[in-house]
Amino acid sequence: MRKLFVSVTFLLLILRSYADEGMWLPLLLGQQVYKDMVKKGLKLSAEQLYSVNKASIKDAIIIFGNGCTGEIVSNQGLIFTNHHCGYDAIATSSTVEHNYLHDGFYAADKNQEIPANKITVRFLNRIQDVTQRVMAAVGNLQGTDRSTKLSELSNQIISEVVGGDEFKSGVVASMFKGNQYFLFVYDVYKDIRLVGAPPESIGKFGGDTDNWEWPRHTGDFSVFRVYMSPDGNPANYSRNNVPLKPKYFLPVSLKGVNDGSFAMIYGYPGGTNRYETSYGIDLKNSIENPTLVKLRDMRLKYMFEEMKKDPVVKLQLAPDYANIANYWKFYEGETKQLQKFHTQEQKAKDEQAFLQWAKSHPEYSNIFNEYAANYAAWRPYSMHRQYMNEGILGSPLVAYAATLIPLENALANNNSTKADRDKLIAAATNARKAFLQTENKPSDQRILGSVLQMYYNDIDKGQQPSGFYQNLFNKYGTTEAGYQKYAADVFNNTMLLNDNAWNRFVGNPELMTLQSDPAYAIASAFIRNYNSKYSSLYSQFVTKNNDLGRMYLKGIMEMNPEKAKMMYPDANFTMRVSYGNVKSYTPRDAVHYDYICTMKGMMEKYIPGDYEFDLPQKVVDLYNRKDFGQYKDPKYNDIVVTFITTNDITGGNSGSPVINGNGELIGLAFDGNYEALSHKIAFDKDLNRTICVDVRYVLWCIDKLGGAKHIVDELKLAR
Ligand code: ARG
């Protein structure tokens, strides 16, 4: 009976059909899924999706900044991406007087576009399978020998194609946990300018309350432009540069969507772990996620208190706050959904089925014992690692102080040259300037006081930096007030926050001065403690997991060679295509969610003066007049603000184009739904949805609300 049960699940594991799951490599679309895409509603040829020689849709897709996707939508290099992707650039371009984050902004002409100098844009130039070359070099190496060899070879391969060209970049990306390797080469554009953005009350409507949730009414878009040199090459910023002449750009559809419409999404999903083991999920749910959530809760609380009080602080902290809050809610939801779906138990069953097969493939039979041992060895230190990253370094002051450790090392080292030290001091002074721009002392001080207390209570006493707490308690006692008084003294006395004291130190950089600085002393105590005792254990854990993961995936592919041909590799911030359709869903018993949201629903959520649900008066007026223009949806006699699809995406896809069967832009993907936040580890075929802003709402915001019709005129509209 039992045996029968196992082999039935084994069969299911092989035959399970994956609905709309899959983040497909564009160069393999033709072999893997093109026919199915056509069956679902695609009207284009495989060549139009991805071509090595001819311009194709892939040429309109860009990496925007370091973690987002964008798309080219005009023959003058116009970019659409998400508001939350342009957020930092919009906030940094703003002042309290010219508050583009709050009020929105549209450049009246190209001269008014604002250089966004932290942003680069990357176009995919080519993809090449380099598996054979990599395998020949790494052979059967394991562990750090393998990773060292691999990184040497990657650097070699990249330098062959990129050379010293600052406008090219490359990456050798591991697929199927190191069973295949692809080289991706990019053209890098560095002159990127902000063209427009809606007011934050539109671009982030619903704030963190609505984040990762459907129904949704967020106008999450912003507009940028790529510039090139007059002779047509990527270039650094210059007034003489001209708008990019792109190889390809997406036409924009005014036709809207229906329940069931075909939808495909190109973009750069950052990371998934669809072959995560039951051991990994256990650690995540029991330690990693709850610790991160607890620490971020505390940090967000203190930041928000200060942001609420003062618009200057709000502008200063908003980008960091948004990032911390985004993944605070993600990891909180991830664990909830993993538990709801019993994902750990499901993975354990998959592992049993694998072991059943491994009975006739003994080289794999010990794999889960090794996993178990590896996790057991690391587990006692896992909370400590989260506390370092999310707690101790969650204080911006301590995080800055931590960057001075190499300087302390140089000052302590009699063999270091004056030139070495001068270089480190210049770098520290620059980094200090950047740090001070976003430093809010009142919130940081509270964070520091709290995190020190939380660390003391939660981390095994044997793992704590020796002597640190005894000294603190001797002077300040063990109460919460004592911790806060200690933090206040650190903030009042550190030279890192005092220009005169810092300049004196720079003029005469004494080792003792740095070591006795109270902020530096904290960074040094906690980091040296962690690095000297636990970071090598973490590296061992990760390296061993990599070896095991590579083997597990190899086994899975060997177990069923036919299915292996139809597998997609985990997301790793390389270009992927996902396809599915617009679709309503049932999140829980008796509840049905429609596939679109309208402006009517936005007005129902509107709370005048609220931090998250306020709206510009002009939106209210236009809505009352039903001034929808050509962007109106005839079926609803309203503006469709957002819609949902079954596409398989994840963080990194933000800003991705949602494209209909004719290759026209219908929306921008900007989020995933709460009920399937376990999607990095397992795609749920019933509940997984991608949340998209309808491009007609984007154009309505630009034209009717923003008065920037000239931007719409630049597009190629399909009616
Ligand atoms: N959840 C969105 C994403 O990761 C980001 C939304 C940003 N908004 C916010 N309220 N923090 O793509």
# chains A, B, ... in the order shown; residues from 1 in each chain; ligands from 1
>>> select_by_dssp(residues="region 15-238 of chain A", states="strand (DSSP E or B)", output="count of residues only")
59
>>> residues_around(residues="Val293 (chain A)", least_positions_apart="5", cutoff="7 Å", atoms="only C-alpha atoms", output="PyMOL selection string")
chain A and resi 328+331-332
>>> residues_around(residues="region 202-214 of chain A", least_positions_apart="2", cutoff="7 Å", atoms="only C-alpha atoms", output="ChimeraX atom specification")
/A:83,198-200,216-221,612-613,615,671-674
>>> residues_around(residues="Pro319 (chain A)", least_positions_apart="5", cutoff="9 Å", atoms="only C-alpha atoms", output="list in words")
His84, Tyr87, Asp88, Ala91 and Ile324 of chain A
>>> select_by_dssp(residues="region 201-269 of chain A", states="helix (DSSP H, G or I)", output="VMD selection string")
chain A and resid 201 to 203 207 to 210
>>> closest_residue(among="A:Gln630, A:Ser578, A:Ser656, A:Ser443", to="Ala19 (chain A)", atoms="only C-alpha atoms")
A:Ser578
>>> closest_residue(among="A:Pro396, A:Gly462, A:Gly139, A:Pro509", to="Asn440 (chain A)", atoms="only C-alpha atoms")
A:Pro396
>>> atom_distance(atom1="CA of Asn258 (chain A)", atom2="CA of Lys635 (chain A)")
9.9 Å
>>> atom_distance(atom1="CA of Asn179 (chain A)", atom2="CA of Gly651 (chain A)")
23.8 Å
>>> closest_residue(among="A:Val171, A:Val490, A:Ala523, A:Ala325", to="ligand 1", atoms="only C-alpha atoms and all ligand atoms")
A:Ala325
>>> closest_residue(among="A:Asn545, A:Ile192, A:Asn572, A:Val312", to="His98 (chain A)", atoms="only C-alpha atoms")
A:Val312
>>> residues_around(residues="Ser395 (chain A)", least_positions_apart="2", cutoff="9 Å", atoms="only C-alpha atoms", output="list in words")
Arg299, Glu390, Gly391, Ile392, Leu393, Leu397, Val398, Ala399, Tyr400, Asp444, Gln445, Ile447, Leu448 and Val451 of chain A
>>> residues_around(residues="Pro587 (chain A)", least_positions_apart="2", cutoff="10 Å", atoms="only C-alpha atoms", output="PDB file with N, CA, C and O atoms, in the first residue's frame")
ATOM      1  N   TRP A 214      -4.419  42.248  -3.929  1.00  0.00           N
ATOM      2  CA  TRP A 214      -5.487  42.499  -4.877  1.00  0.00           C
ATOM      3  C   TRP A 214      -6.789  42.455  -4.100  1.00  0.00           C
ATOM      4  O   TRP A 214      -6.876  41.639  -3.180  1.00  0.00           O
ATOM      5  N   SER A 584      -9.769  36.142 -13.391  1.00  0.00           N
ATOM      6  CA  SER A 584     -10.298  36.367 -12.048  1.00  0.00           C
ATOM      7  C   SER A 584      -9.927  35.177 -11.154  1.00  0.00           C
ATOM      8  O   SER A 584      -9.437  34.173 -11.650  1.00  0.00           O
ATOM      9  N   TYR A 585     -10.144  35.258  -9.848  1.00  0.00           N
ATOM     10  CA  TYR A 585      -9.843  34.102  -8.980  1.00  0.00           C
ATOM     11  C   TYR A 585     -10.663  34.116  -7.697  1.00  0.00           C
ATOM     12  O   TYR A 585     -11.329  35.095  -7.375  1.00  0.00           O
ATOM     13  N   ASP A 589     -12.848  30.591   0.414  1.00  0.00           N
ATOM     14  CA  ASP A 589     -14.241  30.156   0.355  1.00  0.00           C
ATOM     15  C   ASP A 589     -15.190  31.355   0.237  1.00  0.00           C
ATOM     16  O   ASP A 589     -15.091  32.311   1.008  1.00  0.00           O
ATOM     17  N   ALA A 590     -16.064  31.299  -0.754  1.00  0.00           N
ATOM     18  CA  ALA A 590     -17.148  32.273  -0.913  1.00  0.00           C
ATOM     19  C   ALA A 590     -16.713  33.647  -1.413  1.00  0.00           C
ATOM     20  O   ALA A 590     -17.531  34.544  -1.557  1.00  0.00           O
ATOM     21  N   VAL A 591     -15.422  33.824  -1.651  1.00  0.00           N
ATOM     22  CA  VAL A 591     -14.955  35.139  -2.110  1.00  0.00           C
ATOM     23  C   VAL A 591     -14.483  35.032  -3.551  1.00  0.00           C
ATOM     24  O   VAL A 591     -13.701  34.143  -3.887  1.00  0.00           O
ATOM     25  N   HIS A 592     -14.963  35.925  -4.403  1.00  0.00           N
ATOM     26  CA  HIS A 592     -14.516  35.922  -5.786  1.00  0.00           C
ATOM     27  C   HIS A 592     -13.901  37.272  -6.130  1.00  0.00           C
ATOM     28  O   HIS A 592     -14.469  38.300  -5.817  1.00  0.00           O
ATOM     29  N   TYR A 593     -12.737  37.264  -6.743  1.00  0.00           N
ATOM     30  CA  TYR A 593     -12.089  38.509  -7.145  1.00  0.00           C
ATOM     31  C   TYR A 593     -12.195  38.688  -8.646  1.00  0.00           C
ATOM     32  O   TYR A 593     -11.797  37.822  -9.422  1.00  0.00           O
ATOM     33  N   ASN A 673       0.220  38.768  -5.868  1.00  0.00           N
ATOM     34  CA  ASN A 673      -0.876  38.794  -4.894  1.00  0.00           C
ATOM     35  C   ASN A 673      -0.507  38.074  -3.599  1.00  0.00           C
ATOM     36  O   ASN A 673       0.292  37.126  -3.585  1.00  0.00           O
ATOM     37  N   TYR A 674      -1.124  38.517  -2.524  1.00  0.00           N
ATOM     38  CA  TYR A 674      -0.797  38.019  -1.184  1.00  0.00           C
ATOM     39  C   TYR A 674      -1.026  36.522  -1.042  1.00  0.00           C
ATOM     40  O   TYR A 674      -0.226  35.817  -0.424  1.00  0.00           O
ATOM     41  N   GLU A 675      -2.110  36.028  -1.644  1.00  0.00           N
ATOM     42  CA  GLU A 675      -2.496  34.629  -1.446  1.00  0.00           C
ATOM     43  C   GLU A 675      -1.498  33.659  -2.066  1.00  0.00           C
ATOM     44  O   GLU A 675      -1.591  32.457  -1.827  1.00  0.00           O
ATOM     45  N   ALA A 676      -0.561  34.167  -2.868  1.00  0.00           N
ATOM     46  CA  ALA A 676       0.433  33.277  -3.480  1.00  0.00           C
ATOM     47  C   ALA A 676       1.852  33.806  -3.239  1.00  0.00           C
ATOM     48  O   ALA A 676       2.739  33.625  -4.059  1.00  0.00           O
ATOM     49  N   ASP A 686      -3.696  27.743  -9.031  1.00  0.00           N
ATOM     50  CA  ASP A 686      -5.023  28.337  -8.848  1.00  0.00           C
ATOM     51  C   ASP A 686      -4.960  29.780  -8.360  1.00  0.00           C
ATOM     52  O   ASP A 686      -5.772  30.613  -8.760  1.00  0.00           O
ATOM     53  N   LEU A 687      -4.030  30.051  -7.473  1.00  0.00           N
ATOM     54  CA  LEU A 687      -4.067  31.352  -6.799  1.00  0.00           C
ATOM     55  C   LEU A 687      -3.040  32.362  -7.286  1.00  0.00           C
ATOM     56  O   LEU A 687      -3.156  33.547  -6.994  1.00  0.00           O
ATOM     57  N   ASN A 688      -2.014  31.913  -8.013  1.00  0.00           N
ATOM     58  CA  ASN A 688      -0.966  32.872  -8.376  1.00  0.00           C
ATOM     59  C   ASN A 688      -1.469  33.911  -9.385  1.00  0.00           C
ATOM     60  O   ASN A 688      -2.004  33.555 -10.429  1.00  0.00           O
TER      61      ASN A 688
END
